[in-house]
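Peer 1: Here you go, one structure.
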Protein chains: 2
Amino acid sequence: MDFTIRAASVEDCKDIARMILELSEYEKLGNIAKVTQKDLEQDGFSKNPFFHGIIAEVPEQHRTQEGHTKIGYALYFYSYSSCLGRSIYMEDLYVMPEFRGKGIGKALMSKVAQLGLAAGCHQLNFTVLDWNKSSLDFYFSHGCNDVTANMGYHYMSCHGEALERLAQP
Amino acid sequence: MDFTIRAASVEDCKDIARMILELSEYEKLGNIAKVTQKDLEQDGFSKNPFFHGIIAEVPEQHRTQEGHTKIGYALYFYSYSSCLGRSIYMEDLYVMPEFRGKGIGKALMSKVAQLGLAAGCHQLNFTVLDWNKSSLDFYFSHGCNDVTANMGYHYMSCHGEALERLAQP
């Protein structure tokens, strides 16, 4: 099937917000707050954006029953490691279920890797849920390393009231 | 003990590189490539920096035997979550051993939280090694959540030849 991978623009935020919700349902994370179309427009497409995005698109004749032609996305931002230096982080990699198995996920991830290498990055990082065996298999098949399993790194978060308290001098 | 927390400048890169090596020895990661002073100067203090830094400094009268007054640091960069939106990521939090237990680590982390909140971030993320109980206790005491243990997120990496292969179309 033909598909194209291209940089996301502000006009894609409605579809990205839709697919973020689809992904969170797939990941069974339905009860966690999700960013809105407006958040994405403000945070990704103003000065000093917090992220960048790429979109997978199919021709009109392959659109979904609901009329969607934007059927996959990845978000990414540049990051840093005191071990490996310049890095790129992939936040979300998603392809709509009926378009899986056609190389679109690989093409999206490959594009993030290309963008990282072009910016001088030495590593691509992301997180994956441990029960998501099909995603883990996909990542392992592309040479990714489970840093949590192999080196003991745990991913930590501080948010909400805890973050407010932490910020108190 | 008096100490100050301030933004890092390019003149601090020598001390940051020294403390990155100290931290990697503490974390028993001695065999992994480490960024150099020159890397830090280029990657953190040119246009579109990959990270920002803060430094903990003590007065001359408290300098170490080797003459160091810059005795702690944290690196951070802005990131993004499709659940919680604008986020800040803390890469490394380090205080030299003889200056621990004086609130300097808390002050550094608190400053990162303040910078995040000021930029509209909803969450602070970082990684910690699972055997590092004293760090984990410190983070838990400040309301941080072990996302790996509690939600099953694994931190993944692709680098070196695997990253080059992934980038092939």
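Within each chain, counting starts at residue 1; across the structure tokens, chains are named A, B, ... in the order shown, with ligands numbered 1 upward in that order.
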Fewer than 3 positions away in the same chain doesn't count, so skip those; otherwise give me all residues within 9 Å of B:Glu27, counting only C-alpha atoms, as a ChimeraX atom specification.
Peer 2: /B:22-24,30,129,132
Peer 1: Report as a ChimeraX atom specification all protein, DNA and RNA residues lying within 7 Å of stretch 2-9 of chain B, evaluated on only C-alpha atoms, omitting residues in the same chain fewer than 3 positions from it.
Peer 2: /B:12,53-59,108
Peer 1: Let's see if you can do this: from backbone DSSP, list all strand (DSSP E or B) residues in chain A, as a PyMOL selection string.
Peer 2: chain A and resi 4-7+52-57+70-81+85-95+123-129+145-146+153-159
Peer 1: Leaving out A:Val95 and any residue of its chain fewer than 4 positions from it, which residues lie within 8 Å of it when counting only C-alpha atoms, given as a PyMOL selection string?
Peer 2: chain A and resi 71-73+99-100+104-105
Peer 1: Counting only C-alpha atoms, give me one row per residue of chain B with an atom at most 7 Å from an atom of chain A, showing the shortest contact pair and its distance in Å to one decimal, sorted by chain then residue number, as a tab-separated table.
Peer 2:
```
residue	atom	partner	partner_atom	distance
B:Ile20	CA	A:Ser82	CA	6.8
B:Ile32	CA	A:Cys83	CA	6.4
B:Ala33	CA	A:Cys83	CA	5.5
B:Lys34	CA	A:Cys83	CA	4.2
B:Val35	CA	A:Ser82	CA	5.8
B:Phe50	CA	A:Ser79	CA	5.8
B:Phe51	CA	A:Tyr80	CA	6.2
B:Phe77	CA	A:Ser79	CA	6.6
B:Tyr78	CA	A:Phe50	CA	6.4
B:Ser79	CA	A:Phe50	CA	5.8
B:Tyr80	CA	A:Phe50	CA	6.0
B:Ser81	CA	A:Glu91	CA	6.7
B:Ser82	CA	A:Val35	CA	5.8
B:Cys83	CA	A:Lys34	CA	4.2
B:Leu84	CA	A:Lys34	CA	6.1
B:Gly85	CA	A:Val35	CA	5.8
B:Arg86	CA	A:Phe50	CA	6.7
B:Glu91	CA	A:Ser81	CA	6.7
B:Ala107	CA	A:Pro169	CA	7.0
B:Ser110	CA	A:Ala167	CA	4.6
B:Lys111	CA	A:Ala167	CA	6.5
B:Ala113	CA	A:Ala167	CA	5.0
B:Gln114	CA	A:Ala167	CA	4.9
B:His122	CA	A:His159	CA	5.9
B:Gln123	CA	A:His159	CA	4.3
B:Leu124	CA	A:Cys158	CA	5.1
B:Asn125	CA	A:Ser157	CA	4.5
B:Phe126	CA	A:Met156	CA	5.3
B:Thr127	CA	A:Tyr155	CA	4.6
B:Val128	CA	A:His154	CA	5.3
B:Leu129	CA	A:Tyr153	CA	4.5
B:Asp130	CA	A:Gly152	CA	5.2
B:His142	CA	A:Leu166	CA	6.4
B:Gly143	CA	A:Ala162	CA	5.2
B:Cys144	CA	A:Cys158	CA	4.5
B:Asn145	CA	A:Ser157	CA	5.1
B:Asp146	CA	A:Met156	CA	4.7
B:Val147	CA	A:Met156	CA	5.3
B:Thr148	CA	A:Tyr155	CA	5.4
B:Gly152	CA	A:Asp130	CA	5.2
B:Tyr153	CA	A:Leu129	CA	4.5
B:His154	CA	A:Thr127	CA	5.3
B:Tyr155	CA	A:Thr127	CA	4.6
B:Met156	CA	A:Asp146	CA	4.7
B:Ser157	CA	A:Asn125	CA	4.5
B:Cys158	CA	A:Cys144	CA	4.5
B:His159	CA	A:Gln123	CA	4.3
B:Gly160	CA	A:His122	CA	6.7
B:Ala162	CA	A:Gly143	CA	5.2
B:Leu163	CA	A:Ala113	CA	6.5
B:Leu166	CA	A:Ser110	CA	5.3
B:Ala167	CA	A:Ser110	CA	4.6
B:Gln168	CA	A:Ser110	CA	6.7
B:Pro169	CA	A:Ser110	CA	6.6
```
